[in-house]
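Novice: First the structure, then my questions, so here it is.
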Amino acid sequence: MPHPALHLAVEIDGDGAHPAAWRRAAHAPGALLTPRRVAKVAAVAENSGFTLVTLDDDILPPASAASGGPAGRIGAVERAAFVAASTSVIGVAPVVATTYAEPFHVSTRLASLDHVSVGRAGWVVGVEDDPAAARAWGRPLVEGAAALRREAVDGVQVVRDLWDSWEDDAVIRSVATSRYLDRGRLHYIDFAGETYSVKGPAIVPRPPQGRPVVFAPAGLVPPALVDVALVEGSSPALLGEAAAASGAPLAFAEIEVALDTPRESAAERIADLERYASWDDAPGRPSNRLRYTGPAGGLVELLEELSGVVDGVRLHPLVLDEDLSVLSRLVLPELFVRRVAARPLPGATLRTSLGLPRPESRFATAADAADAAHAATATTAAAAAAAATAPEGNR
């Protein structure tokens, strides 16, 4: 039987996954931080048929700074908002860390992005484990895997609850009654964790998707809080095991790619960049991530093999300007011909494109249950009263 089609994501931060990718970029160095640059890359990804793009972020300088490259970046959410406004189909998912950021602000920014994109927003949950990040934020250091995970779990839970704090029909916009919203459909989340508390409700109406799609590294937060687990593994078999163990509704494999181009082989391109910095030693890069290097046809075969193992892949191209071109011309078209990959659905939300249901607000569910119980009680009481006053012959 045919396997479900893969969903395709691509990371478009900076000039590529290699720390020295900027040295092979097809633009002037000063163009990297311009709106035109990010819009151009996103347009290529959208026209190629990718389901979504992701945008890495960090409060610290990017990895390219260590090899003499760009030492700064525009915030991922800000870039994502620009991409959302300049595209119409592709999903947009920025990385936003939970470690030092305020969950209330994270919720507000991502809900706003979902409104700007008309339901095409996602969130890649990140963590900040470098002590320099704490100093930059001016916050006490969050140290150790357990503490980082606790902050991530609390942060994701609070953000989700804040998205739910407005019911879908809370906004009335009634000119006749001069009422903008039904305050009875706004809810306090009343969260109290080990390091902070949040009362709510949110200041942004509920996102079009109910909740933007949450992506997180497998094992960082409980599966119940995640829509898509990002899994690592050095082989398709290990990726399959990681996907099965994630427990999330969907699992995407993380894959680094360096492809042969008309002028150079992937090995030659990598060797050229390795003179300046090591791809393996890039800050934050997992040591067990699968990497494919070689011709486009080999990547097609690998992704076809993975179509029965994971639900999607997130590709990390060596150099965006070089590899994205090969992906768009030789890889994605062949995947669509073979029906290995799925295109995003025009006019659909990111959740719909991924086959994920739209969640109800947990507060609305509770309120509906309370209303139903109240109605049932009232009905029972009315029936008892009617029975008590009915003529004897009708009892």
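Every chain in the structure tokens takes a letter, A first, then B, and so on in the order presented; its residues are numbered from 1, and the ligands are numbered from 1 following the presented order.
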If you run DSSP over the backbone, which residues in segment 131-344 of chain A end up alpha helix (DSSP H)? Put them as a PyMOL selection string.
Specialist: chain A and resi 131-137+145-164+236-246+266-274+296-306+320-326+332-337
Novice: Would you list the contacts of Val198 of chain A as a CSV table (one decimal) with N, CA, C and O atoms, in the first residue's frame, taking every protein, DNA or RNA residue within 12 Å and counting only C-alpha atoms, but skipping same-chain residues closer than 6 positions in sequence?
Specialist:
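So the final result, stored in result_32.csv, reads:
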chain,number,residue,atom,x,y,z
A,102,GLU,N,9.1,35.9,28.2
A,102,GLU,CA,7.9,35.8,28.9
A,102,GLU,C,6.8,35.1,28.1
A,102,GLU,O,6.6,35.5,27.0
A,103,PRO,N,6.2,34.1,28.6
A,103,PRO,CA,5.2,33.3,27.9
A,103,PRO,C,4.0,34.2,27.3
A,103,PRO,O,3.5,34.0,26.3
A,104,PHE,N,3.7,35.2,28.1
A,104,PHE,CA,2.6,36.1,27.7
A,104,PHE,C,3.0,36.8,26.4
A,104,PHE,O,2.2,37.0,25.5
A,105,HIS,N,4.2,37.3,26.3
A,105,HIS,CA,4.7,38.0,25.1
A,105,HIS,C,4.8,37.0,23.9
A,105,HIS,O,4.5,37.3,22.8
A,107,SER,N,3.1,34.3,23.5
A,107,SER,CA,1.7,34.0,23.0
A,107,SER,C,1.2,35.1,22.1
A,107,SER,O,0.6,34.9,21.1
A,154,ASP,N,6.5,24.5,31.1
A,154,ASP,CA,5.6,25.6,31.6
A,154,ASP,C,5.3,26.6,30.5
A,154,ASP,O,4.2,27.1,30.4
A,155,GLY,N,6.3,27.0,29.7
A,155,GLY,CA,6.1,28.0,28.7
A,155,GLY,C,5.1,27.6,27.6
A,155,GLY,O,4.2,28.4,27.3
A,157,GLN,N,2.8,25.3,27.9
A,157,GLN,CA,1.5,25.2,28.5
A,157,GLN,C,0.8,26.5,28.6
A,157,GLN,O,-0.4,26.7,28.3
A,158,VAL,N,1.5,27.5,29.1
A,158,VAL,CA,1.0,28.8,29.3
A,158,VAL,C,0.6,29.5,28.0
A,158,VAL,O,-0.5,30.0,27.8
A,159,VAL,N,1.4,29.3,27.0
A,159,VAL,CA,1.1,29.9,25.7
A,159,VAL,C,-0.1,29.3,25.1
A,159,VAL,O,-1.0,30.0,24.6
A,161,ASP,N,-2.6,27.9,26.7
A,161,ASP,CA,-3.7,28.3,27.5
A,161,ASP,C,-4.1,29.7,27.2
A,161,ASP,O,-5.3,30.1,27.2
A,162,LEU,N,-3.1,30.6,26.9
A,162,LEU,CA,-3.5,32.0,26.6
A,162,LEU,C,-4.2,32.0,25.2
A,162,LEU,O,-5.1,32.8,25.0
A,165,SER,N,-7.7,31.3,25.9
A,165,SER,CA,-8.4,32.2,26.9
A,165,SER,C,-9.4,33.1,26.2
A,165,SER,O,-10.3,33.6,26.9
A,188,TYR,N,-9.6,33.7,32.6
A,188,TYR,CA,-8.3,33.7,33.3
A,188,TYR,C,-7.7,32.3,33.3
A,188,TYR,O,-8.3,31.4,33.6
A,189,ILE,N,-6.4,32.2,33.0
A,189,ILE,CA,-5.7,30.9,33.0
A,189,ILE,C,-5.2,30.5,34.3
A,189,ILE,O,-5.0,29.3,34.6
A,190,ASP,N,-4.9,31.5,35.2
A,190,ASP,CA,-4.4,31.3,36.5
A,190,ASP,C,-3.4,30.2,36.7
A,190,ASP,O,-3.5,29.3,37.4
A,191,PHE,N,-2.3,30.4,35.9
A,191,PHE,CA,-1.1,29.5,36.0
A,191,PHE,C,-0.1,29.9,37.0
A,191,PHE,O,0.2,31.1,37.1
A,192,ALA,N,0.3,29.0,37.8
A,192,ALA,CA,1.3,29.2,38.8
A,192,ALA,C,2.4,28.1,38.7
A,192,ALA,O,2.1,26.9,39.0
Novice: Residues at most 12 Å from Pro35 of chain A, counting only C-alpha atoms, excluding those fewer than 5 positions away in the same chain, as a PDB file with C-alpha atoms, in the first residue's frame?
Specialist:
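Printed below is selection_3.pdb as written:
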ATOM      1  CA  GLY A  30      24.765  43.668   3.185  1.00  0.00           C
ATOM      2  CA  LYS A  40      12.900  36.091  -2.181  1.00  0.00           C
ATOM      3  CA  VAL A  41      13.973  32.898  -0.429  1.00  0.00           C
ATOM      4  CA  ALA A  42      10.452  32.309   0.924  1.00  0.00           C
ATOM      5  CA  ARG A  73      19.986  38.767  12.527  1.00  0.00           C
ATOM      6  CA  ILE A  74      16.512  40.256  12.477  1.00  0.00           C
ATOM      7  CA  GLY A  75      14.116  38.602  14.940  1.00  0.00           C
ATOM      8  CA  GLU A  78       9.440  39.812  12.660  1.00  0.00           C
ATOM      9  CA  ARG A  79      10.856  38.067   9.586  1.00  0.00           C
ATOM     10  CA  ALA A  80       8.042  35.516   9.722  1.00  0.00           C
ATOM     11  CA  ALA A  81       5.442  38.286   9.713  1.00  0.00           C
ATOM     12  CA  PHE A  82       7.048  39.814   6.620  1.00  0.00           C
ATOM     13  CA  VAL A  83       7.150  36.409   4.913  1.00  0.00           C
ATOM     14  CA  ALA A  84       3.498  35.808   5.824  1.00  0.00           C
ATOM     15  CA  ALA A  85       2.477  39.095   4.240  1.00  0.00           C
ATOM     16  CA  SER A  86       4.460  38.409   1.059  1.00  0.00           C
TER      17      SER A  86
END
Novice: May I have the residues within 10 Å of Ser287 of chain A as a list in words, using only C-alpha atoms and disregarding those fewer than 3 positions away in the same chain?
Specialist: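 So the residues in contact are Glu232, Gly233, Ser234, Asp280, Asp281, Ala282, Gly284 and Leu290 of chain A.
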Novice: For those residues, write all heavy atoms to a file as a CSV table (one decimal), in the first residue's frame.
Specialist:
chain,number,residue,atom,x,y,z
A,232,GLU,N,15.6,13.3,15.6
A,232,GLU,CA,17.0,13.2,15.1
A,232,GLU,C,17.3,11.7,15.0
A,232,GLU,O,16.7,10.8,15.7
A,232,GLU,CB,17.9,13.8,16.1
A,232,GLU,CG,17.6,15.3,16.4
A,232,GLU,CD,18.1,16.3,15.4
A,232,GLU,OE1,18.8,15.8,14.4
A,232,GLU,OE2,17.9,17.5,15.5
A,233,GLY,N,18.2,11.4,14.1
A,233,GLY,CA,18.7,10.0,13.9
A,233,GLY,C,19.6,10.0,12.8
A,233,GLY,O,19.4,10.6,11.7
A,234,SER,N,20.7,9.2,12.9
A,234,SER,CA,21.7,9.1,11.8
A,234,SER,C,21.4,8.1,10.7
A,234,SER,O,22.1,8.0,9.7
A,234,SER,CB,23.0,8.7,12.4
A,234,SER,OG,22.9,7.5,13.1
A,280,ASP,N,30.4,20.2,11.3
A,280,ASP,CA,30.1,19.4,12.5
A,280,ASP,C,30.2,20.1,13.8
A,280,ASP,O,29.5,19.7,14.8
A,280,ASP,CB,31.1,18.2,12.5
A,280,ASP,CG,30.9,17.2,11.3
A,280,ASP,OD1,29.8,17.1,10.9
A,280,ASP,OD2,31.9,16.6,10.9
A,281,ASP,N,31.0,21.2,13.9
A,281,ASP,CA,31.2,21.9,15.1
A,281,ASP,C,30.3,23.1,15.2
A,281,ASP,O,30.5,24.0,16.1
A,281,ASP,CB,32.7,22.3,15.3
A,281,ASP,CG,33.6,21.1,15.4
A,281,ASP,OD1,33.1,20.0,15.8
A,281,ASP,OD2,34.8,21.2,15.0
A,282,ALA,N,29.3,23.3,14.4
A,282,ALA,CA,28.4,24.4,14.4
A,282,ALA,C,27.7,24.5,15.8
A,282,ALA,O,27.2,23.4,16.2
A,282,ALA,CB,27.4,24.4,13.3
A,284,GLY,N,25.2,24.4,18.7
A,284,GLY,CA,23.8,23.9,18.8
A,284,GLY,C,23.5,22.8,17.8
A,284,GLY,O,22.3,22.3,17.9
A,290,LEU,N,20.9,13.3,10.7
A,290,LEU,CA,21.2,12.7,9.4
A,290,LEU,C,21.6,13.7,8.4
A,290,LEU,O,21.0,14.8,8.4
A,290,LEU,CB,19.9,12.0,8.9
A,290,LEU,CG,20.0,11.3,7.6
A,290,LEU,CD1,21.0,10.1,7.6
A,290,LEU,CD2,18.6,10.7,7.2
Novice: Using only C-alpha atoms, tabulate the residues of segment 8-82 of chain A lying at most 7 Å from any atom of segment 329-343 of chain A, each with its closest atom pair and that distance in Å to one decimal, by chain and increasing residue number, as CSV.
Specialist:
residue,atom,partner,partner_atom,distance
A:Ser48,CA,A:Leu332,CA,6.8
A:Gly49,CA,A:Arg343,CA,5.4
A:Phe50,CA,A:Arg343,CA,6.6
A:Thr51,CA,A:Arg343,CA,6.1
Novice: From a DSSP calculation on the backbone, collect every residue of segment 31-121 of chain A in strand (DSSP E) and output the set as number ranges by chain.
Specialist: A: 52-55, 91-97
Novice: Within 12 Å of Val95 of chain A, counting only C-alpha atoms, which residues show up once you throw out same-chain ones fewer than 3 positions away? Write them as JSON, numbers by chain, please.
Specialist: {"A": [11, 12, 13, 53, 54, 55, 56, 57, 58, 59, 75, 76, 77, 78, 79, 80, 92, 98, 106, 109, 110, 121, 122, 123, 124, 125, 126, 127, 128, 214, 215, 216, 217]}
Novice: For the selection you just gave me, I'd like the residues written to a file as a CSV table (one decimal), in the first residue's frame, keeping N, CA and C atoms.
Specialist:
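Dumped everything to again-v4.csv:
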chain,number,residue,atom,x,y,z
A,11,GLU,N,14.5,25.1,6.4
A,11,GLU,CA,15.0,26.1,7.3
A,11,GLU,C,15.7,27.2,6.4
A,12,ILE,N,15.3,28.5,6.5
A,12,ILE,CA,15.8,29.5,5.7
A,12,ILE,C,16.5,30.6,6.4
A,13,ASP,N,16.9,30.4,7.6
A,13,ASP,CA,17.6,31.4,8.4
A,13,ASP,C,19.0,31.6,7.8
A,53,VAL,N,8.2,27.0,5.8
A,53,VAL,CA,9.5,27.4,6.1
A,53,VAL,C,9.7,27.7,7.6
A,54,THR,N,10.9,27.4,8.1
A,54,THR,CA,11.2,27.8,9.5
A,54,THR,C,12.3,28.8,9.5
A,55,LEU,N,12.3,29.6,10.6
A,55,LEU,CA,13.3,30.7,10.7
A,55,LEU,C,14.0,30.5,12.1
A,56,ASP,N,15.2,30.2,12.1
A,56,ASP,CA,16.0,30.1,13.4
A,56,ASP,C,16.1,31.4,14.0
A,57,ASP,N,16.4,31.4,15.3
A,57,ASP,CA,16.6,32.6,16.1
A,57,ASP,C,17.4,32.3,17.3
A,58,ASP,N,18.0,33.4,17.9
A,58,ASP,CA,18.8,33.3,19.1
A,58,ASP,C,19.1,34.7,19.5
A,59,ILE,N,19.1,34.9,20.8
A,59,ILE,CA,19.5,36.2,21.3
A,59,ILE,C,21.0,36.5,21.1
A,75,GLY,N,14.9,39.6,14.2
A,75,GLY,CA,14.1,38.6,14.9
A,75,GLY,C,13.3,37.7,14.1
A,76,ALA,N,13.2,36.4,14.5
A,76,ALA,CA,12.5,35.4,13.6
A,76,ALA,C,11.0,35.7,13.5
A,77,VAL,N,10.4,36.2,14.5
A,77,VAL,CA,8.9,36.5,14.4
A,77,VAL,C,8.7,37.7,13.5
A,78,GLU,N,9.6,38.7,13.6
A,78,GLU,CA,9.4,39.8,12.7
A,78,GLU,C,9.6,39.4,11.2
A,79,ARG,N,10.6,38.6,10.9
A,79,ARG,CA,10.9,38.1,9.6
A,79,ARG,C,9.7,37.2,9.1
A,80,ALA,N,9.2,36.4,10.1
A,80,ALA,CA,8.0,35.5,9.7
A,80,ALA,C,6.8,36.3,9.3
A,92,VAL,N,4.6,29.3,7.9
A,92,VAL,CA,5.7,30.1,8.4
A,92,VAL,C,5.8,29.8,9.9
A,98,THR,N,11.8,29.4,25.0
A,98,THR,CA,11.0,29.5,26.2
A,98,THR,C,11.8,29.9,27.4
A,106,VAL,N,5.3,35.8,24.2
A,106,VAL,CA,5.4,34.7,23.2
A,106,VAL,C,4.0,34.5,22.6
A,109,ARG,N,2.8,37.4,20.4
A,109,ARG,CA,3.5,37.5,19.1
A,109,ARG,C,3.1,36.5,18.1
A,110,LEU,N,3.0,35.2,18.6
A,110,LEU,CA,2.6,34.1,17.7
A,110,LEU,C,1.1,34.2,17.3
A,121,ALA,N,0.5,30.0,10.6
A,121,ALA,CA,1.7,30.2,11.5
A,121,ALA,C,1.9,28.9,12.3
A,122,GLY,N,3.2,28.7,12.6
A,122,GLY,CA,3.7,27.6,13.5
A,122,GLY,C,4.6,28.2,14.5
A,123,TRP,N,5.1,27.4,15.4
A,123,TRP,CA,6.0,27.8,16.4
A,123,TRP,C,7.0,26.6,16.6
A,124,VAL,N,8.3,26.9,16.4
A,124,VAL,CA,9.3,25.9,16.7
A,124,VAL,C,9.9,26.3,18.1
A,125,VAL,N,9.6,25.4,19.1
A,125,VAL,CA,10.0,25.7,20.5
A,125,VAL,C,11.5,25.6,20.6
A,126,GLY,N,12.1,26.6,21.2
A,126,GLY,CA,13.6,26.5,21.4
A,126,GLY,C,13.9,26.7,22.8
A,127,VAL,N,15.2,26.4,23.1
A,127,VAL,CA,15.7,26.7,24.5
A,127,VAL,C,17.0,27.4,24.4
A,128,GLU,N,17.4,28.1,25.4
A,128,GLU,CA,18.7,28.8,25.5
A,128,GLU,C,19.6,28.2,26.6
A,214,VAL,N,2.4,23.7,16.9
A,214,VAL,CA,3.6,23.7,17.8
A,214,VAL,C,4.5,22.6,17.3
A,215,PHE,N,5.8,23.0,17.0
A,215,PHE,CA,6.9,22.0,16.7
A,215,PHE,C,7.8,22.1,17.8
A,216,ALA,N,8.3,20.9,18.2
A,216,ALA,CA,9.3,20.9,19.3
A,216,ALA,C,10.2,19.7,19.2
A,217,PRO,N,11.5,19.8,19.5
A,217,PRO,CA,12.4,18.6,19.5
A,217,PRO,C,11.8,17.5,20.4
Novice: Can you list, as a VMD selection string, every protein, DNA or RNA residue that comes within 12 Å of segment 295-307 of chain A when you count only C-alpha atoms, leaving out same-chain residues fewer than 6 positions away?
Specialist: chain A and resid 2 to 8 233 235 to 241 243 251 to 262 264 to 267 313 to 315 323 to 342
Novice: Counting only C-alpha atoms, what is within 12 Å of Leu356 of chain A, bar same-chain residues fewer than 2 positions away, as a ChimeraX atom specification?
Specialist: /A:209-214,226-228,248-250,311,348-354,358-359
Novice: Using N, CA and C atoms, can you write the selected residues to a file as a short mmCIF file (atom, residue, chain, number, x, y, z; two decimals), in the first residue's frame?
Specialist:
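Below is the file out12.cif, written as the result:
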data_model
loop_
_atom_site.label_atom_id
_atom_site.label_comp_id
_atom_site.auth_asym_id
_atom_site.auth_seq_id
_atom_site.Cartn_x
_atom_site.Cartn_y
_atom_site.Cartn_z
N GLN A 209 -6.25 29.54 13.69
CA GLN A 209 -6.13 28.08 13.80
C GLN A 209 -6.57 27.55 15.16
N GLY A 210 -7.02 28.43 16.03
CA GLY A 210 -7.26 28.03 17.41
C GLY A 210 -5.95 28.07 18.17
N ARG A 211 -5.02 27.26 17.76
CA ARG A 211 -3.64 27.31 18.24
C ARG A 211 -2.72 27.14 17.04
N PRO A 212 -1.74 28.03 16.83
CA PRO A 212 -0.73 27.77 15.81
C PRO A 212 -0.06 26.42 16.04
N VAL A 213 0.43 25.82 14.98
CA VAL A 213 1.03 24.49 15.06
C VAL A 213 2.33 24.55 15.87
N VAL A 214 2.43 23.70 16.88
CA VAL A 214 3.59 23.69 17.77
C VAL A 214 4.54 22.57 17.34
N VAL A 226 2.35 19.06 22.04
CA VAL A 226 3.05 19.24 20.78
C VAL A 226 2.20 18.71 19.63
N ASP A 227 2.26 19.39 18.49
CA ASP A 227 1.62 18.90 17.27
C ASP A 227 2.59 18.11 16.41
N VAL A 228 3.85 18.58 16.33
CA VAL A 228 4.85 17.95 15.49
C VAL A 228 6.15 17.80 16.28
N ALA A 248 3.98 12.14 19.57
CA ALA A 248 3.28 13.31 19.05
C ALA A 248 2.39 12.92 17.87
N PRO A 249 1.39 13.74 17.55
CA PRO A 249 0.54 13.42 16.39
C PRO A 249 1.32 13.24 15.10
N LEU A 250 2.35 14.08 14.87
CA LEU A 250 3.19 13.98 13.69
C LEU A 250 4.65 14.04 14.09
N ASP A 311 6.36 11.53 9.14
CA ASP A 311 5.28 12.26 8.48
C ASP A 311 5.79 13.42 7.64
N ALA A 348 -5.78 27.09 2.59
CA ALA A 348 -5.95 26.31 3.82
C ALA A 348 -5.02 26.83 4.91
N THR A 349 -5.36 26.53 6.15
CA THR A 349 -4.46 26.83 7.26
C THR A 349 -3.33 25.81 7.27
N LEU A 350 -2.28 26.12 8.04
CA LEU A 350 -1.18 25.17 8.16
C LEU A 350 -1.69 23.87 8.79
N ARG A 351 -2.57 23.97 9.77
CA ARG A 351 -3.13 22.75 10.38
C ARG A 351 -3.83 21.88 9.34
N THR A 352 -4.61 22.51 8.48
CA THR A 352 -5.33 21.74 7.46
C THR A 352 -4.36 21.08 6.51
N SER A 353 -3.31 21.81 6.07
CA SER A 353 -2.32 21.24 5.16
C SER A 353 -1.62 20.04 5.78
N LEU A 354 -1.42 20.08 7.11
CA LEU A 354 -0.74 18.98 7.80
C LEU A 354 -1.70 17.88 8.23
N ARG A 358 -8.52 21.27 14.06
CA ARG A 358 -8.52 22.56 14.76
C ARG A 358 -9.00 22.34 16.19
N PRO A 359 -8.17 22.65 17.19
CA PRO A 359 -8.56 22.37 18.58
C PRO A 359 -9.59 23.36 19.11
#
Novice: Could you work out how far atom CA of Ala111 of chain A lies from atom CA of Arg206 of chain A, giving the answer in Å with one decimal?
Specialist: 7.1 Å
Novice: Using only C-alpha atoms, find each residue of segment 197-256 of chain A with at least one atom at most 12 Å away from an atom of segment 142-146 of chain A; report its shortest atom-to-atom pair and that distance in Å (one decimal), sort the rows by chain and rising residue number, and return the result as JSON lines.
Specialist:
{"residue": "A:Gly219", "atom": "CA", "partner": "A:Ala145", "partner_atom": "CA", "distance": 11.1}
{"residue": "A:Leu220", "atom": "CA", "partner": "A:Ala145", "partner_atom": "CA", "distance": 9.3}
{"residue": "A:Val221", "atom": "CA", "partner": "A:Ala146", "partner_atom": "CA", "distance": 11.0}
Novice: Go through A:His316, A:Arg23, A:Arg362, A:His115 and flag the residue nearest Ala277 of chain A, using only C-alpha atoms for the distances.
Specialist: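 Answer, going by the shortest atom-to-atom distance: A:Arg23.
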Novice: Mind pulling up the distance from atom CA of Val38 of chain A to atom CA of Pro207 of chain A?
Specialist: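 Interatomic distance here is 24.2 Å.
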Novice: Have a look at atom CA of Val171 of chain A and atom CA of Leu186 of chain A and let me know their distance in Å, one decimal.
Specialist: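 Interatomic distance, atom CA of Val171 of chain A to atom CA of Leu186 of chain A: 9.6 Å.
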Novice: Just checking: using only C-alpha atoms, which residue out of A:Ile270, A:Ala17, A:Val89, A:Val204 ends up closest to Pro62 of chain A?
Specialist: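 The answer is A:Ala17, which sits nearest to Pro62 of chain A.
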